[in-house]
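One structure below.
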Amino acid sequence: QNLPRGSTIKEAIIAPEGQLIVGADLSNIELRVGMWVAGEMDALRLLGAGGDLYKEFASKAFDVAYDDVSKEQRFIGKTSQLGLIFGVGAAKLRGAVKAGSGKDLGEEESKRIVELYRSTYTGVTDLWKTCGEAIKAIADDDTFAFGTRDLYRVEGKKGIKFPSGMYMQYPELTYMIDENTGEKGYKYKLRNGYDRLYGGKLTNNLVQGTARCIMSEAMVRVNKRYPIVLTIHDALYILAPEAEAQEALDFLIEEMTKVPSWMPGIPLAAEGG
């Protein structure tokens, strides 16, 4: 997991003499994957041109020019973009903004931002509905292809097949009605009990799994030239001779941002040092 800045554990990770640890991380990878799968082409074009999607949404939410977005407004835009794509509602958005900045948006303002997001990114809301159909297909042991370019394929109870050949599975997925609350929906078996599965949550699972597939393909290529010493979520660290530190960094970023053949057009970006 993440090692905090200044952590003594982090300081204990030292490269052998004559070598350096070189690292890079994919920028906004889950946001980029989510927008690609949802077919949000305007958002992808902005990201591909080096634009800031957090500022873009903040500009729209607060009716200010893109270049006049404040730090606080951008944080709200960021929190919105990273959460609302997965179906987060007003209450959770309000809590996340308050936890991260101390600002309380209030109930009505939070609802307004959520409604604006959903009316702006209709491809995302359509994806939630499609994911709902995919959930039903799993439970019914049916087949169903979905996502941009039919990226994913439900193969009945076997689960959802990714382009990599990996399957995302939901054991004993069943439509249930809670006897105590009357809540209706699909649930799947965990080690201890059951958990809910709905369109927004499946979107989250698919995006995270796809982002990992992109990272894994890069790892295979990178490891042919430099040994990988650590991965943390969307970050990759390698060991390289001091004399070729910049060359190693350039190589690492180049490999991490290669567009997968099964995801054409996704604007990947990475930075490191």
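Simple scheme: letters A, B, ... for chains in structure tokens order, numbers from 1 for residues in each chain, numbers from 1 for ligands in the order shown.
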
| task | Find the spatial neighbours of Gly185 in chain A, counting only C-alpha atoms, within a cut-off of 12 Å - ignore same-chain residues fewer than 4 positions away - and output them as a ChimeraX atom specification. | result | /A:132,135-136,139,173-178,181,194-199

| task | Fewer than 4 positions away in the same chain doesn't count, so skip those; otherwise give me all residues within 7 Å of range 80-87 of chain A, counting only C-alpha atoms, as a PyMOL selection string. | result | chain A and resi 31+54+76+93+124+200-201+203-204

| said: Which residues are close to Cys213 in chain A, i.e. within 10 Å by only C-alpha atoms, leaving aside same-chain residues fewer than 3 positions away? Reply as a list in words. | reply: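 So the residues in contact are Phe162, Pro163, Ser164, Gly165, Met166, Val207, Gln208, Gly209, Thr210, Ser216, Glu217, Ala218, Met219 and Pro260 of chain A.
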
| task | Would you mind writing down, as a ChimeraX atom specification, each residue of range 45-184 of chain A that DSSP on the backbone assigns to strand (DSSP E or B)? | result | /A:143-146,152-155,160-161,167-168,174-177,184

Take the residues from that selection and write them out as a PDB file, in the first residue's frame, keeping N, CA, C and O atoms.
ATOM      1  N   THR A 143     -25.116 -14.582 -21.771  1.00  0.00           N
ATOM      2  CA  THR A 143     -23.953 -13.894 -22.339  1.00  0.00           C
ATOM      3  C   THR A 143     -24.346 -12.468 -22.681  1.00  0.00           C
ATOM      4  O   THR A 143     -25.505 -12.188 -22.998  1.00  0.00           O
ATOM      5  N   PHE A 144     -23.344 -11.583 -22.641  1.00  0.00           N
ATOM      6  CA  PHE A 144     -23.647 -10.159 -22.866  1.00  0.00           C
ATOM      7  C   PHE A 144     -22.336  -9.412 -23.083  1.00  0.00           C
ATOM      8  O   PHE A 144     -21.444  -9.469 -22.245  1.00  0.00           O
ATOM      9  N   ALA A 145     -22.202  -8.733 -24.217  1.00  0.00           N
ATOM     10  CA  ALA A 145     -21.007  -7.935 -24.496  1.00  0.00           C
ATOM     11  C   ALA A 145     -21.339  -6.470 -24.278  1.00  0.00           C
ATOM     12  O   ALA A 145     -22.422  -6.003 -24.662  1.00  0.00           O
ATOM     13  N   PHE A 146     -20.418  -5.723 -23.667  1.00  0.00           N
ATOM     14  CA  PHE A 146     -20.713  -4.320 -23.369  1.00  0.00           C
ATOM     15  C   PHE A 146     -19.423  -3.524 -23.200  1.00  0.00           C
ATOM     16  O   PHE A 146     -18.318  -4.069 -23.186  1.00  0.00           O
ATOM     17  N   TYR A 152     -15.827  -5.738 -22.738  1.00  0.00           N
ATOM     18  CA  TYR A 152     -16.075  -6.791 -21.757  1.00  0.00           C
ATOM     19  C   TYR A 152     -17.139  -7.754 -22.273  1.00  0.00           C
ATOM     20  O   TYR A 152     -18.021  -7.369 -23.036  1.00  0.00           O
ATOM     21  N   ARG A 153     -17.041  -8.994 -21.792  1.00  0.00           N
ATOM     22  CA  ARG A 153     -18.037  -9.983 -22.205  1.00  0.00           C
ATOM     23  C   ARG A 153     -18.451 -10.834 -21.005  1.00  0.00           C
ATOM     24  O   ARG A 153     -17.602 -11.474 -20.374  1.00  0.00           O
ATOM     25  N   VAL A 154     -19.749 -10.826 -20.711  1.00  0.00           N
ATOM     26  CA  VAL A 154     -20.277 -11.701 -19.671  1.00  0.00           C
ATOM     27  C   VAL A 154     -20.373 -13.105 -20.249  1.00  0.00           C
ATOM     28  O   VAL A 154     -20.942 -13.298 -21.326  1.00  0.00           O
ATOM     29  N   GLU A 155     -19.806 -14.067 -19.540  1.00  0.00           N
ATOM     30  CA  GLU A 155     -19.919 -15.471 -19.948  1.00  0.00           C
ATOM     31  C   GLU A 155     -20.640 -16.232 -18.840  1.00  0.00           C
ATOM     32  O   GLU A 155     -20.081 -17.107 -18.172  1.00  0.00           O
ATOM     33  N   ILE A 160     -17.172 -12.012 -15.892  1.00  0.00           N
ATOM     34  CA  ILE A 160     -16.930 -11.044 -16.969  1.00  0.00           C
ATOM     35  C   ILE A 160     -15.499 -11.213 -17.474  1.00  0.00           C
ATOM     36  O   ILE A 160     -14.540 -11.103 -16.705  1.00  0.00           O
ATOM     37  N   LYS A 161     -15.365 -11.451 -18.758  1.00  0.00           N
ATOM     38  CA  LYS A 161     -14.055 -11.663 -19.355  1.00  0.00           C
ATOM     39  C   LYS A 161     -13.473 -10.345 -19.843  1.00  0.00           C
ATOM     40  O   LYS A 161     -14.125  -9.577 -20.538  1.00  0.00           O
ATOM     41  N   TYR A 167     -10.857 -13.085 -15.756  1.00  0.00           N
ATOM     42  CA  TYR A 167     -12.281 -13.063 -15.445  1.00  0.00           C
ATOM     43  C   TYR A 167     -12.518 -12.371 -14.108  1.00  0.00           C
ATOM     44  O   TYR A 167     -11.791 -12.601 -13.139  1.00  0.00           O
ATOM     45  N   MET A 168     -13.534 -11.522 -14.068  1.00  0.00           N
ATOM     46  CA  MET A 168     -13.985 -10.938 -12.811  1.00  0.00           C
ATOM     47  C   MET A 168     -15.232 -11.716 -12.405  1.00  0.00           C
ATOM     48  O   MET A 168     -16.214 -11.764 -13.161  1.00  0.00           O
ATOM     49  N   THR A 174     -27.037 -13.384  -6.828  1.00  0.00           N
ATOM     50  CA  THR A 174     -28.472 -13.660  -6.746  1.00  0.00           C
ATOM     51  C   THR A 174     -29.254 -12.381  -6.465  1.00  0.00           C
ATOM     52  O   THR A 174     -28.763 -11.498  -5.761  1.00  0.00           O
ATOM     53  N   TYR A 175     -30.449 -12.316  -7.010  1.00  0.00           N
ATOM     54  CA  TYR A 175     -31.347 -11.203  -6.701  1.00  0.00           C
ATOM     55  C   TYR A 175     -32.011 -11.498  -5.364  1.00  0.00           C
ATOM     56  O   TYR A 175     -32.611 -12.559  -5.171  1.00  0.00           O
ATOM     57  N   MET A 176     -31.890 -10.577  -4.429  1.00  0.00           N
ATOM     58  CA  MET A 176     -32.387 -10.812  -3.078  1.00  0.00           C
ATOM     59  C   MET A 176     -33.265  -9.670  -2.588  1.00  0.00           C
ATOM     60  O   MET A 176     -33.138  -8.539  -3.041  1.00  0.00           O
ATOM     61  N   ILE A 177     -34.122  -9.986  -1.633  1.00  0.00           N
ATOM     62  CA  ILE A 177     -34.919  -8.989  -0.931  1.00  0.00           C
ATOM     63  C   ILE A 177     -34.608  -9.138   0.555  1.00  0.00           C
ATOM     64  O   ILE A 177     -34.809 -10.200   1.138  1.00  0.00           O
ATOM     65  N   LYS A 184     -34.104  -4.317  -2.169  1.00  0.00           N
ATOM     66  CA  LYS A 184     -34.021  -5.270  -3.269  1.00  0.00           C
ATOM     67  C   LYS A 184     -32.758  -5.027  -4.085  1.00  0.00           C
ATOM     68  O   LYS A 184     -32.327  -3.893  -4.260  1.00  0.00           O
TER      69      LYS A 184
END

| message | Using only C-alpha atoms, which protein or nucleic acid residues come within 12 Å of Gly39 in chain A? Drop anything in the same chain fewer than 5 positions from it, and give the result as a VMD selection string. | response | chain A and resid 32 to 34 44 to 45 121 to 127 146 to 151 263 to 266

| query | Could you work out how far CA of Leu206 in chain A lies from CA of Pro227 in chain A, giving the answer in Å with one decimal? | reply |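 That distance, rounded to one decimal, is 28.5 Å.
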
| request: Could you tell me which of A:Glu17, A:Glu72, A:Glu172, A:Glu11 comes closest to Pro241 in chain A if we count only C-alpha atoms? | output: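 Closest to Pro241 in chain A of all the choices is A:Glu17.
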
Which polymer residues have any atom within 8 Å of an atom of Met256 in chain A, counting only C-alpha atoms, with same-chain residues fewer than 6 positions away left out, as a compact mmCIF listing (two decimals) with C-alpha atoms, in the first residue's frame?
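Okay, part.txt is ready:
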# COMPACT_ATOMS: atom_id res chain seq x y z
CA LEU A 26 0.12 6.71 -14.48
CA ILE A 214 -2.80 -1.76 -18.53
CA MET A 215 -0.22 -1.63 -15.74
CA ALA A 218 3.60 -2.43 -19.07
CA MET A 219 5.29 -4.40 -16.29
CA ALA A 269 0.06 9.85 -19.41
CA ALA A 270 2.71 9.25 -16.77
